[in-house]
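Engineer: Quick one, data-v7.txt (compact mmCIF, C-alpha atoms and all ligand atoms):
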# COMPACT_ATOMS: atom_id res chain seq x y z
CA MET S 1 113.16 59.03 21.48
CA LYS S 2 113.89 57.50 18.08
CA ALA S 3 115.42 59.66 15.31
CA ALA S 4 115.64 58.97 11.58
CA ILE S 5 118.41 60.60 9.56
CA LEU S 6 118.14 62.25 6.12
CA GLY S 7 121.60 62.11 4.51
CA PHE S 8 124.46 59.76 5.27
CA GLY S 9 127.54 61.87 4.60
CA THR S 10 130.10 63.46 6.92
CA VAL S 11 127.63 64.60 9.58
CA GLY S 12 125.00 61.88 8.96
CA VAL S 13 127.44 59.04 9.67
CA GLY S 14 128.56 60.83 12.85
CA VAL S 15 124.95 61.23 14.03
CA TYR S 16 124.23 57.57 13.23
CA GLU S 17 127.23 56.37 15.24
CA MET S 18 126.63 58.67 18.18
CA LEU S 19 122.91 57.82 18.40
CA GLN S 20 123.78 54.15 18.93
CA ALA S 21 125.59 55.06 22.15
CA ALA S 22 123.34 57.90 23.39
CA PRO S 23 121.25 57.18 26.48
CA GLY S 24 117.56 57.89 25.86
CA LEU S 25 118.02 58.27 22.11
CA ASP S 26 117.66 55.60 19.42
CA VAL S 27 118.45 55.54 15.75
CA GLY S 28 115.72 54.82 13.20
CA LEU S 29 115.90 54.59 9.42
CA VAL S 30 118.52 56.46 7.39
CA PHE S 31 117.29 58.08 4.17
CA VAL S 32 119.69 57.78 1.20
CA ARG S 33 119.48 58.15 -2.56
CA PRO S 34 117.93 55.33 -4.61
CA GLY S 35 120.52 52.63 -5.24
CA LYS S 36 122.39 53.48 -2.02
CA ASP S 37 119.94 51.64 0.28
CA ASP S 38 122.31 48.70 0.63
CA ALA S 39 121.58 47.85 4.29
CA PRO S 40 118.33 47.15 6.22
CA PHE S 41 118.66 50.41 8.21
CA LYS S 42 118.75 52.48 4.98
CA THR S 43 115.82 53.47 2.80
CA SER S 44 115.27 55.64 -0.25
CA GLU S 45 111.52 55.93 0.44
CA LEU S 46 110.72 58.93 2.61
CA ASP S 47 107.21 57.56 3.22
CA ARG S 48 108.68 54.74 5.29
CA ILE S 49 109.97 57.38 7.74
CA LEU S 50 106.85 59.58 7.57
CA SER S 51 104.50 56.67 8.27
CA ASP S 52 106.58 54.96 10.97
CA PRO S 53 104.90 55.78 14.31
CA THR S 54 108.01 54.68 16.25
CA ILE S 55 110.06 57.52 14.68
CA ASP S 56 109.62 60.67 16.78
CA ALA S 57 112.23 62.92 15.21
CA VAL S 58 114.08 63.43 11.93
CA VAL S 59 117.64 64.75 11.61
CA GLU S 60 118.20 66.58 8.31
CA VAL S 61 121.90 66.50 7.38
CA MET S 62 121.63 66.38 3.57
CA GLY S 63 122.49 70.01 2.89
CA GLY S 64 121.17 72.32 0.16
CA VAL S 65 117.77 73.98 -0.06
CA GLU S 66 115.88 71.47 -2.20
CA PRO S 67 114.84 68.75 -1.77
CA ALA S 68 115.74 69.34 1.91
CA TYR S 69 112.94 71.93 2.25
CA SER S 70 110.27 69.62 0.80
CA TYR S 71 111.43 66.68 2.90
CA VAL S 72 111.67 68.65 6.15
CA SER S 73 108.22 70.18 5.51
CA ALA S 74 106.80 66.69 4.97
CA CYS S 75 108.38 65.47 8.23
CA LEU S 76 106.93 68.40 10.20
CA MET S 77 103.53 67.86 8.55
CA ALA S 78 103.71 64.22 9.65
CA GLY S 79 104.21 65.40 13.26
CA LYS S 80 107.92 64.58 13.54
CA HIS S 81 110.32 66.85 15.41
CA VAL S 82 113.12 68.11 13.13
CA VAL S 83 116.76 68.87 13.90
CA SER S 84 118.83 70.31 11.03
CA SER S 85 122.48 71.23 10.57
CA ASN S 86 121.67 72.98 7.28
CA LYS S 87 122.20 76.76 7.42
CA ALA S 88 121.32 77.22 3.73
CA LEU S 89 117.91 75.65 4.38
CA VAL S 90 117.17 77.55 7.60
CA ALA S 91 118.38 80.90 6.19
CA ALA S 92 116.17 80.43 3.10
CA HIS S 93 113.06 78.86 4.69
CA GLY S 94 113.33 79.37 8.45
CA LEU S 95 110.11 81.40 8.55
CA GLU S 96 107.96 78.76 6.86
CA LEU S 97 109.53 75.84 8.75
CA GLU S 98 109.17 77.60 12.11
CA ALA S 99 105.49 78.39 11.40
CA LEU S 100 104.80 74.80 10.37
CA ALA S 101 106.56 73.35 13.43
CA ARG S 102 104.53 75.64 15.74
CA GLU S 103 101.30 74.73 13.97
CA LYS S 104 102.04 71.03 14.41
CA GLY S 105 103.34 71.43 17.97
CA VAL S 106 106.67 69.76 17.19
CA GLY S 107 110.26 70.83 17.76
CA PHE S 108 112.46 72.54 15.15
CA LEU S 109 116.06 73.12 16.32
CA PHE S 110 119.21 73.77 14.29
CA SER S 111 122.13 74.66 16.56
CA ALA S 112 124.62 72.69 14.40
CA ALA S 113 123.87 75.11 11.55
CA CYS S 114 125.83 77.91 13.25
CA GLY S 115 129.10 77.26 15.05
CA GLY S 116 129.29 73.45 14.71
CA ALA S 117 129.95 72.01 18.17
CA ILE S 118 129.74 75.41 19.89
CA PRO S 119 126.45 75.79 21.78
CA PHE S 120 126.01 79.27 20.31
CA LEU S 121 122.39 79.32 19.16
CA HIS S 122 121.48 77.03 22.05
CA ASN S 123 122.88 79.50 24.62
CA LEU S 124 121.60 82.51 22.72
CA ALA S 125 118.05 81.10 22.70
CA LEU S 126 118.28 80.69 26.49
CA ALA S 127 119.90 84.10 27.01
CA VAL S 128 117.10 86.01 25.24
CA GLU S 129 114.65 84.67 27.81
CA SER S 130 116.35 86.65 30.59
CA ASP S 131 118.48 89.37 28.98
CA ARG S 132 118.34 91.90 26.14
CA ILE S 133 120.89 90.92 23.52
CA VAL S 134 122.36 93.88 21.65
CA SER S 135 124.93 92.25 19.39
CA VAL S 136 125.89 88.83 18.00
CA GLY S 137 128.73 87.73 15.81
CA GLY S 138 132.19 86.27 15.67
CA ILE S 139 134.40 84.05 13.57
CA LEU S 140 131.80 81.66 12.20
CA ASN S 141 133.62 80.06 9.27
CA GLY S 142 136.38 77.58 10.05
CA THR S 143 137.64 77.22 6.49
CA THR S 144 138.54 80.89 6.11
CA ASN S 145 139.95 81.02 9.62
CA PHE S 146 142.23 78.09 8.76
CA MET S 147 143.34 79.91 5.60
CA LEU S 148 143.94 83.25 7.34
CA ASP S 149 145.84 81.58 10.16
CA ALA S 150 148.02 79.64 7.70
CA MET S 151 148.73 82.75 5.60
CA GLN S 152 149.78 84.57 8.75
CA THR S 153 151.82 81.70 10.21
CA ASP S 154 153.64 80.52 7.05
CA GLY S 155 153.48 83.57 4.80
CA SER S 156 151.73 81.32 2.23
CA GLN S 157 149.85 82.58 -0.80
CA TYR S 158 146.03 82.44 -0.91
CA ALA S 159 145.89 79.72 -3.61
CA ASP S 160 148.24 77.45 -1.62
CA VAL S 161 146.27 77.68 1.64
CA LEU S 162 143.01 77.13 -0.21
CA ARG S 163 144.44 73.92 -1.73
CA GLN S 164 145.65 72.87 1.73
CA ALA S 165 142.18 73.52 3.22
CA GLN S 166 140.63 71.37 0.48
CA GLN S 167 143.13 68.55 1.03
CA LEU S 168 142.36 68.55 4.76
CA GLY S 169 138.61 68.38 4.01
CA TYR S 170 137.88 71.83 5.52
CA ALA S 171 136.92 73.46 2.21
CA GLU S 172 134.46 72.03 -0.30
CA ALA S 173 135.49 71.30 -3.91
CA ASP S 174 133.55 74.53 -4.63
CA PRO S 175 134.74 76.78 -1.78
CA SER S 176 132.94 79.92 -2.98
CA ALA S 177 130.37 80.11 -0.15
CA ASP S 178 133.17 79.95 2.45
CA VAL S 179 135.69 82.34 0.90
CA SER S 180 133.08 84.91 -0.22
CA GLY S 181 131.68 85.22 3.32
CA LEU S 182 128.26 83.86 2.27
CA ASP S 183 128.47 80.87 4.64
CA ALA S 184 129.22 83.19 7.60
CA LEU S 185 126.41 85.51 6.47
CA ARG S 186 123.85 82.67 6.53
CA LYS S 187 125.00 81.86 10.07
CA ILE S 188 124.67 85.45 11.28
CA MET S 189 121.17 85.57 9.74
CA LEU S 190 120.21 82.65 12.00
CA ALA S 191 121.80 84.30 15.04
CA CYS S 192 119.81 87.52 14.38
CA ALA S 193 116.60 85.52 14.11
CA VAL S 194 117.28 83.69 17.38
CA ALA S 195 118.36 86.87 19.22
CA TRP S 196 115.68 89.26 17.98
CA GLY S 197 112.96 87.28 16.20
CA LYS S 198 113.94 89.06 12.97
CA LEU S 199 115.37 87.05 10.07
CA PRO S 200 117.21 89.59 7.88
CA VAL S 201 116.62 88.76 4.25
CA GLU S 202 117.45 92.10 2.59
CA GLY S 203 120.16 94.72 2.94
CA LEU S 204 122.79 92.17 4.00
CA LEU S 205 126.42 92.67 2.98
CA HIS S 206 129.26 90.18 2.78
CA GLU S 207 132.89 90.58 1.82
CA GLY S 208 135.17 87.54 1.94
CA ILE S 209 138.89 86.96 1.70
CA GLU S 210 139.22 86.15 -2.01
CA SER S 211 141.28 89.24 -2.79
CA LEU S 212 143.71 88.91 0.14
CA THR S 213 147.37 88.47 -0.84
CA ALA S 214 150.47 87.30 1.04
CA GLU S 215 151.75 90.89 0.61
CA ASP S 216 148.68 92.26 2.45
CA VAL S 217 149.30 89.80 5.28
CA ALA S 218 152.98 90.78 5.50
CA HIS S 219 151.86 94.41 5.63
CA PHE S 220 149.43 93.82 8.56
CA MET S 221 151.99 91.73 10.40
CA GLY S 222 154.47 94.57 10.14
CA LYS S 223 151.93 96.66 12.07
CA GLY S 224 151.23 93.90 14.62
CA LEU S 225 147.74 93.24 13.21
CA VAL S 226 145.96 89.93 12.60
CA CYS S 227 143.24 89.45 9.97
CA ARG S 228 140.07 87.44 10.70
CA LEU S 229 136.73 87.12 8.86
CA LEU S 230 134.06 88.53 11.17
CA ALA S 231 130.30 88.25 11.06
CA SER S 232 128.64 91.13 12.92
CA ALA S 233 125.08 92.08 13.75
CA SER S 234 123.49 94.44 16.22
CA ILE S 235 120.17 96.05 16.95
CA SER S 236 119.45 99.63 18.00
CA GLU S 237 116.98 100.71 20.70
CA ASN S 238 114.41 101.45 17.99
CA GLY S 239 114.78 97.98 16.48
CA LYS S 240 117.01 98.87 13.51
CA LEU S 241 119.17 95.89 12.65
CA CYS S 242 122.55 95.77 10.93
CA ALA S 243 124.18 92.55 9.71
CA PHE S 244 127.28 92.03 7.59
CA VAL S 245 130.43 89.95 7.12
CA GLN S 246 133.83 91.45 6.38
CA PRO S 247 137.54 90.92 7.09
CA MET S 248 138.74 92.71 10.22
CA LEU S 249 142.18 93.55 11.59
CA PHE S 250 142.83 92.98 15.29
CA PRO S 251 145.77 94.00 17.47
CA ALA S 252 147.76 91.24 19.21
CA GLY S 253 145.97 90.17 22.38
CA ALA S 254 142.41 90.57 21.03
CA PRO S 255 140.44 87.33 21.65
CA GLU S 256 139.93 86.87 17.88
CA THR S 257 143.71 86.54 17.35
CA SER S 258 143.81 83.45 19.57
CA VAL S 259 141.40 81.58 17.25
CA LYS S 260 143.71 79.25 15.35
CA LYS S 261 143.29 76.75 12.53
CA ASN S 262 139.65 75.92 11.71
CA PHE S 263 138.24 76.94 15.08
CA ASN S 264 135.30 79.35 15.54
CA LEU S 265 134.67 82.07 18.10
CA ALA S 266 130.99 82.96 18.58
CA LYS S 267 129.99 85.87 20.76
CA TYR S 268 127.02 87.85 21.94
CA HIS S 269 126.57 90.83 24.20
CA GLY S 270 123.69 91.03 26.65
CA VAL S 271 122.79 94.25 28.46
CA ASN S 272 123.17 92.42 31.79
CA SER S 273 125.58 89.58 30.95
CA GLY S 274 128.04 91.74 29.00
CA ASP S 275 130.25 89.91 26.48
CA ILE S 276 129.90 86.14 26.26
CA LEU S 277 132.52 84.40 24.11
CA LEU S 278 132.36 80.75 23.06
CA MET S 279 135.23 79.05 21.23
CA GLY S 280 135.33 75.56 19.76
CA GLN S 281 135.22 73.44 16.64
CA GLY S 282 132.87 74.94 14.10
CA ALA S 283 132.79 71.88 11.84
CA GLY S 284 133.81 68.24 11.50
CA ARG S 285 131.91 64.94 11.75
CA TYR S 286 131.74 64.43 15.50
CA PRO S 287 131.77 68.06 16.65
CA THR S 288 128.79 68.80 14.37
CA ALA S 289 127.01 65.55 15.27
CA SER S 290 127.44 66.43 18.95
CA ALA S 291 125.37 69.60 18.39
CA VAL S 292 122.68 67.56 16.61
CA LEU S 293 122.46 65.20 19.58
CA ARG S 294 122.29 68.15 21.97
CA ASP S 295 119.26 69.44 20.03
CA LEU S 296 117.62 66.00 20.15
CA SER S 297 118.16 65.88 23.91
CA ASP S 298 116.69 69.39 24.19
CA ILE S 299 113.58 68.25 22.31
CA ARG S 300 113.36 65.22 24.59
CA SER S 301 113.44 67.62 27.55
CA GLY S 302 110.54 69.63 26.09
CA ARG S 303 112.23 72.45 24.13
CA ARG S 304 110.38 73.05 20.87
CA ALA S 305 111.79 76.22 19.32
CA MET S 306 115.01 78.11 18.88
CA PHE S 307 113.42 81.13 17.21
CA PRO S 308 111.30 83.32 19.50
CA ALA S 309 107.55 83.44 18.85
CA GLY S 310 106.51 85.96 16.19
CA LEU S 311 109.57 85.45 13.97
CA ALA S 312 109.38 87.80 10.97
CA ALA S 313 111.48 88.72 7.95
CA ALA S 314 113.53 91.92 8.30
CA CYS S 315 115.67 94.28 6.28
CA ALA S 316 119.20 95.02 7.50
CA ASP S 317 120.45 98.59 7.31
CA ASN S 318 124.24 98.94 7.30
CA ALA S 319 124.35 102.59 6.27
CA GLU S 320 124.86 104.03 9.75
CA VAL S 321 127.57 101.66 11.02
CA LEU S 322 130.94 103.35 10.64
CA CYS S 323 134.35 101.67 10.44
CA ARG S 324 137.88 102.79 9.68
CA TYR S 325 139.15 100.61 6.84
CA TYR S 326 142.52 99.38 5.67
CA VAL S 327 142.30 99.58 1.87
CA ARG S 328 144.67 98.32 -0.81
CA THR S 329 143.81 99.33 -4.33
CA GLU S 330 145.28 100.93 -7.44
CA ARG S 331 146.43 104.51 -7.39
CA LYS S 332 143.81 105.66 -9.90
CA ALA S 333 141.03 104.51 -7.49
CA ALA S 334 142.54 106.14 -4.39
CA ALA S 335 140.42 109.32 -4.69
CA LEU S 336 137.29 107.26 -3.99
CA PHE S 337 138.37 106.68 -0.39
CA PRO S 338 138.64 109.24 2.44
CA PHE S 339 142.14 108.20 3.46
CA ALA S 340 143.41 109.49 6.79
CA GLU S 341 146.84 107.91 6.30
CA ILE S 342 148.25 106.71 3.03
CA GLU S 343 151.25 104.71 1.87
CA ASP S 344 151.76 105.07 -1.84
CA ASP S 345 154.24 103.19 -3.98
CA ASN S 346 152.88 104.75 -7.16
CA VAL S 347 151.02 101.72 -8.50
CA VAL S 348 149.48 100.21 -5.40
CA VAL S 349 147.99 102.39 -2.69
CA ARG S 350 147.63 101.14 0.87
CA GLY S 351 146.06 103.29 3.51
CA VAL S 352 143.65 103.67 6.39
CA THR S 353 140.44 105.60 5.84
CA LYS S 354 138.55 107.95 8.12
CA PRO S 355 135.33 106.36 9.44
CA VAL S 356 133.20 105.20 6.48
CA SER S 357 129.76 103.59 6.42
CA VAL S 358 129.91 99.81 6.01
CA LYS S 359 127.33 100.06 3.22
CA LEU S 360 129.31 102.68 1.32
CA MET S 361 132.57 100.71 1.64
CA HIS S 362 131.05 97.44 0.37
CA GLU S 363 129.26 99.22 -2.48
CA THR S 364 132.38 101.14 -3.54
CA ALA S 365 134.44 97.92 -3.58
CA SER S 366 131.87 96.09 -5.67
CA ARG S 367 131.68 99.00 -8.15
CA LEU S 368 135.47 99.02 -8.49
CA ARG S 369 135.54 95.27 -9.12
CA LYS S 370 132.90 95.64 -11.82
CA ASP S 371 135.31 98.07 -13.50
CA GLY S 372 138.08 95.45 -13.24
CA MET S 373 139.96 97.26 -10.47
CA PRO S 374 141.58 95.17 -7.69
CA ILE S 375 140.74 96.00 -4.08
CA PHE S 376 141.12 94.43 -0.66
CA PHE S 377 139.62 96.01 2.44
CA ALA S 378 139.42 95.11 6.10
CA ALA S 379 137.87 97.02 8.97
CA LEU S 380 140.04 98.06 11.91
CA GLU S 381 138.83 97.22 15.37
CA ASP S 382 138.23 100.48 17.21
N1 LIG M 1 130.60 68.86 7.50
C1 LIG M 1 130.58 69.72 8.53
O1 LIG M 1 131.54 69.83 9.28
C2 LIG M 1 129.35 70.53 8.79
C3 LIG M 1 129.35 71.41 9.89
C4 LIG M 1 128.19 72.15 10.20
C5 LIG M 1 127.09 72.02 9.35
N2 LIG M 1 127.16 71.20 8.27
C6 LIG M 1 125.97 71.10 7.41
O2 LIG M 1 125.45 69.79 7.50
C7 LIG M 1 124.88 69.40 6.24
C8 LIG M 1 125.55 68.13 5.76
O3 LIG M 1 126.92 68.36 5.60
P1 LIG M 1 127.92 67.16 5.29
O4 LIG M 1 129.29 67.74 5.41
O5 LIG M 1 127.57 65.96 6.09
O6 LIG M 1 127.60 66.90 3.74
P2 LIG M 1 127.93 65.61 2.91
O7 LIG M 1 129.10 64.90 3.45
O8 LIG M 1 127.94 66.02 1.49
O9 LIG M 1 126.66 64.67 3.19
C9 LIG M 1 125.39 64.94 2.67
C10 LIG M 1 124.72 63.59 2.46
O10 LIG M 1 123.38 63.83 2.08
C11 LIG M 1 123.11 63.03 0.95
N3 LIG M 1 122.10 63.64 0.12
C12 LIG M 1 122.14 64.85 -0.47
N4 LIG M 1 121.04 65.05 -1.19
C13 LIG M 1 120.30 63.92 -1.05
C14 LIG M 1 119.06 63.51 -1.59
N5 LIG M 1 118.37 64.29 -2.40
N6 LIG M 1 118.59 62.29 -1.24
C15 LIG M 1 119.28 61.49 -0.42
N7 LIG M 1 120.47 61.81 0.12
C16 LIG M 1 120.97 63.03 -0.21
C17 LIG M 1 124.42 62.93 0.21
O11 LIG M 1 124.38 61.82 -0.62
P3 LIG M 1 125.32 61.75 -1.93
O12 LIG M 1 126.70 61.57 -1.41
O13 LIG M 1 124.77 60.58 -2.65
O14 LIG M 1 125.15 63.05 -2.64
C18 LIG M 1 125.38 62.77 1.37
O15 LIG M 1 125.46 61.44 1.79
C19 LIG M 1 125.07 70.62 5.33
O16 LIG M 1 123.92 71.42 5.38
C20 LIG M 1 126.23 71.36 5.96
O17 LIG M 1 126.22 72.75 5.67
C21 LIG M 1 128.24 70.45 7.98
Represent the supplied structure as structure tokens.
Structural biologist:
Amino acid sequence: MKAAILGFGTVGVGVYEMLQAAPGLDVGLVFVRPGKDDAPFKTSELDRILSDPTIDAVVEVMGGVEPAYSYVSACLMAGKHVVSSNKALVAAHGLELEALAREKGVGFLFSAACGGAIPFLHNLALAVESDRIVSVGGILNGTTNFMLDAMQTDGSQYADVLRQAQQLGYAEADPSADVSGLDALRKIMLACAVAWGKLPVEGLLHEGIESLTAEDVAHFMGKGLVCRLLASASISENGKLCAFVQPMLFPAGAPETSVKKNFNLAKYHGVNSGDILLMGQGAGRYPTASAVLRDLSDIRSGRRAMFPAGLAAACADNAEVLCRYYVRTERKAAALFPFAEIEDDNVVVRGVTKPVSVKLMHETASRLRKDGMPIFFAALED
């Protein structure tokens, strides 16, 4: 099977190199921007790929929503299988792309878009065929995990670990999608769609780590707790879905605390399988390219879809999920939270709340921030 590649950056170069050595897979043209087609294997004309009957599949590793969406649609229309590593694209247009791929009878797989090298969506798509999955989630963003781990290990300040993550190439020049939790949210949207055939597009909540301080970390460590950014989703018996991202505090010994540096931990719970945990590299040239090649091999073996048939948009409802929260805010805002325990040094209040709805907690924090009030919160694992 011959695959063309759209985008020749970190992942694209890895896919190009790995395809040259992969048994049963060949590399076709590589699509680049005009002016960058400086070798015979590169082209800036998409039509050359669309009209080449020897190209069976296209790997989209450009990133972003447009023009990736237009290009991927054109490839599917032309009867090419598509493999993508682009979570922004699949979260925004998964429904349309899935429908088009089914109509054309071609494959559309995207396991590299969630968990990098970890065969998370791949395994999940297989698991739903024989088990009822009730929850999915995990540590799905390596950049923030690297930052949290470094803050905990070295006592560093947030700005220093962010700079370090950028120097090491883990964080983008604009790290906002990572640190705000949006990147992890897009990944959990894909996991929901694979697990339940419902792509949540409304009602989603995400809280990142932007307001975490070295003092907060010292405070958790004093209590033997470790902070991680968790994506969580579950479905009730009557089909109600919740999906959100938020910092969580774990006691020593919890599996999440063993996830170091920029690693990911993806998990799902099946009624019959129980907990399944998968740990590995969630990003990087070759780890991500390895997931792309796994998808190509899957297509070669006959797999066509990762989403179940009948995929539909859904609304998440996080009002009924309750968590106890660690909250740090200013004294004048303390009355907004149902604290069960409180430590008060007169200016800053730190405490643990009674169980609060996830929706209410996220909404209260965003209201406080609009009023210029600082707040950090993290759920406690119960
Ligand atoms: N890097 C990772 O570890 C990783 C892990 C999992 C998933 N992903 C996903 O994989 C995708 C690619 O990531 P990456 O890290 O490889 O990004 P990257 O290094 O920025 O590479 C993207 C490449 O696509 C090219 N490109 C973008 N728009 C284009 C256009 N309109 N026409 C032609 N070429 C275009 C870029 O060219 P220019 O340089 O000329 O802009 C660049 O060469 C993203 O969706 C990302 O979220 C990445």
Engineer: Around ligand LIG 1 (chain M), which protein and nucleic acid residues have at least one atom no more than 8 Å from it, if we count all atoms listed in the file? List them as a PyMOL selection string.
Structural biologist: chain S and resi 6-13+31-34+36+44+60-64+66-68+84-89+112-116+170+282-285+287-288
Engineer: For the residues in that selection, give me C-alpha atoms as a tab-separated table (two decimals), in the coordinates of the input.
Structural biologist:
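As written to disk, result-v8.tsv reads:
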chain	number	residue	atom	x	y	z
S	6	LEU	CA	118.14	62.25	6.12
S	7	GLY	CA	121.60	62.11	4.51
S	8	PHE	CA	124.46	59.76	5.27
S	9	GLY	CA	127.54	61.87	4.60
S	10	THR	CA	130.10	63.46	6.92
S	11	VAL	CA	127.63	64.60	9.58
S	12	GLY	CA	125.00	61.88	8.96
S	13	VAL	CA	127.44	59.04	9.67
S	31	PHE	CA	117.29	58.08	4.17
S	32	VAL	CA	119.69	57.78	1.20
S	33	ARG	CA	119.48	58.15	-2.56
S	34	PRO	CA	117.93	55.33	-4.61
S	36	LYS	CA	122.39	53.48	-2.02
S	44	SER	CA	115.27	55.64	-0.25
S	60	GLU	CA	118.20	66.58	8.31
S	61	VAL	CA	121.90	66.50	7.38
S	62	MET	CA	121.63	66.38	3.57
S	63	GLY	CA	122.49	70.01	2.89
S	64	GLY	CA	121.17	72.32	0.16
S	66	GLU	CA	115.88	71.47	-2.20
S	67	PRO	CA	114.84	68.75	-1.77
S	68	ALA	CA	115.74	69.34	1.91
S	84	SER	CA	118.83	70.31	11.03
S	85	SER	CA	122.48	71.23	10.57
S	86	ASN	CA	121.67	72.98	7.28
S	87	LYS	CA	122.20	76.76	7.42
S	88	ALA	CA	121.32	77.22	3.73
S	89	LEU	CA	117.91	75.65	4.38
S	112	ALA	CA	124.62	72.69	14.40
S	113	ALA	CA	123.87	75.11	11.55
S	114	CYS	CA	125.83	77.91	13.25
S	115	GLY	CA	129.10	77.26	15.05
S	116	GLY	CA	129.29	73.45	14.71
S	170	TYR	CA	137.88	71.83	5.52
S	282	GLY	CA	132.87	74.94	14.10
S	283	ALA	CA	132.79	71.88	11.84
S	284	GLY	CA	133.81	68.24	11.50
S	285	ARG	CA	131.91	64.94	11.75
S	287	PRO	CA	131.77	68.06	16.65
S	288	THR	CA	128.79	68.80	14.37
Engineer: Anything within 9 Å of (146.3, 110.8, 4.6): list those residues as number ranges by chain, counting only C-alpha atoms and sticking to the file's coordinates.
Structural biologist: S: 338-343, 351-354
Engineer: Using all atoms listed in the file, which residue out of S:Leu278, S:Ala266, S:Val106, S:Leu212 lies closest to Val327 in chain S?
Structural biologist: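 Checking each candidate against Val327 in chain S, we get S:Leu212 as the closest.
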Engineer: Taking all atoms listed in the file into account, name the residue in S:Lys240, S:Lys332, S:Arg304, S:Arg369 that is nearest to Asp317 in chain S.
Structural biologist: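 Of all the options, S:Lys240 lies closest to Asp317 in chain S.
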Engineer: Return the single residue from S:Lys2, S:Arg350, S:Arg102, S:Arg186 that is closest to Tyr16 in chain S, with distances computed using all atoms listed in the file.
Structural biologist: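 Nearest candidate to Tyr16 in chain S out of S:Lys2, S:Arg350, S:Arg102, S:Arg186: S:Lys2.
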Engineer: Please work out which residues fall within 9 Å of (121.8, 94.3, 21.5), coordinates as given in the file, with all atoms listed in the file counting, and return them as a ChimeraX atom specification.
Structural biologist: /S:132-136,195-196,233-237,268-271
Engineer: Which one of S:Gly203, S:Pro53, S:Gly137, S:Gly274 sits closest to Leu190 in chain S if you count all atoms listed in the file?
Structural biologist: S:Gly137
Engineer: Between CA of Glu330 in chain S and CA of Met221 in chain S, measure the distance and give it in Å to one decimal.
Structural biologist: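 Computing the Euclidean distance for CA of Glu330 in chain S and CA of Met221 in chain S yields 21.2 Å.
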Engineer: With only C-alpha atoms as the counted atoms, please give the residues lying no more than 12 Å from Leu296 in chain S, apart from itself and same-chain residues fewer than 3 positions off, as a JSON list (two decimals) with C-alpha atoms, in the frame of the given file.
Structural biologist:
[["chain", "number", "residue", "atom", "x", "y", "z"],
["S", 1, "MET", "CA", 113.16, 59.03, 21.48],
["S", 2, "LYS", "CA", 113.89, 57.50, 18.08],
["S", 3, "ALA", "CA", 115.42, 59.66, 15.31],
["S", 4, "ALA", "CA", 115.64, 58.97, 11.58],
["S", 5, "ILE", "CA", 118.41, 60.60, 9.56],
["S", 15, "VAL", "CA", 124.95, 61.23, 14.03],
["S", 18, "MET", "CA", 126.63, 58.67, 18.18],
["S", 19, "LEU", "CA", 122.91, 57.82, 18.40],
["S", 22, "ALA", "CA", 123.34, 57.90, 23.39],
["S", 23, "PRO", "CA", 121.25, 57.18, 26.48],
["S", 24, "GLY", "CA", 117.56, 57.89, 25.86],
["S", 25, "LEU", "CA", 118.02, 58.27, 22.11],
["S", 26, "ASP", "CA", 117.66, 55.60, 19.42],
["S", 27, "VAL", "CA", 118.45, 55.54, 15.75],
["S", 56, "ASP", "CA", 109.62, 60.67, 16.78],
["S", 57, "ALA", "CA", 112.23, 62.92, 15.21],
["S", 58, "VAL", "CA", 114.08, 63.43, 11.93],
["S", 59, "VAL", "CA", 117.64, 64.75, 11.61],
["S", 60, "GLU", "CA", 118.20, 66.58, 8.31],
["S", 80, "LYS", "CA", 107.92, 64.58, 13.54],
["S", 81, "HIS", "CA", 110.32, 66.85, 15.41],
["S", 82, "VAL", "CA", 113.12, 68.11, 13.13],
["S", 83, "VAL", "CA", 116.76, 68.87, 13.90],
["S", 84, "SER", "CA", 118.83, 70.31, 11.03],
["S", 85, "SER", "CA", 122.48, 71.23, 10.57],
["S", 106, "VAL", "CA", 106.67, 69.76, 17.19],
["S", 107, "GLY", "CA", 110.26, 70.83, 17.76],
["S", 108, "PHE", "CA", 112.46, 72.54, 15.15],
["S", 109, "LEU", "CA", 116.06, 73.12, 16.32],
["S", 110, "PHE", "CA", 119.21, 73.77, 14.29],
["S", 111, "SER", "CA", 122.13, 74.66, 16.56],
["S", 112, "ALA", "CA", 124.62, 72.69, 14.40],
["S", 122, "HIS", "CA", 121.48, 77.03, 22.05],
["S", 289, "ALA", "CA", 127.01, 65.55, 15.27],
["S", 290, "SER", "CA", 127.44, 66.43, 18.95],
["S", 291, "ALA", "CA", 125.37, 69.60, 18.39],
["S", 292, "VAL", "CA", 122.68, 67.56, 16.61],
["S", 293, "LEU", "CA", 122.46, 65.20, 19.58],
["S", 299, "ILE", "CA", 113.58, 68.25, 22.31],
["S", 300, "ARG", "CA", 113.36, 65.22, 24.59],
["S", 301, "SER", "CA", 113.44, 67.62, 27.55],
["S", 302, "GLY", "CA", 110.54, 69.63, 26.09],
["S", 303, "ARG", "CA", 112.23, 72.45, 24.13],
["S", 304, "ARG", "CA", 110.38, 73.05, 20.87],
["S", 305, "ALA", "CA", 111.79, 76.22, 19.32]]
Engineer: Return the single residue from S:Glu210, S:Asp344, S:Glu320, S:Asp131 that is closest to Tyr158 in chain S, with distances computed using all atoms listed in the file.
Structural biologist: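 Among S:Glu210, S:Asp344, S:Glu320, S:Asp131, it is S:Glu210 that comes nearest to Tyr158 in chain S.
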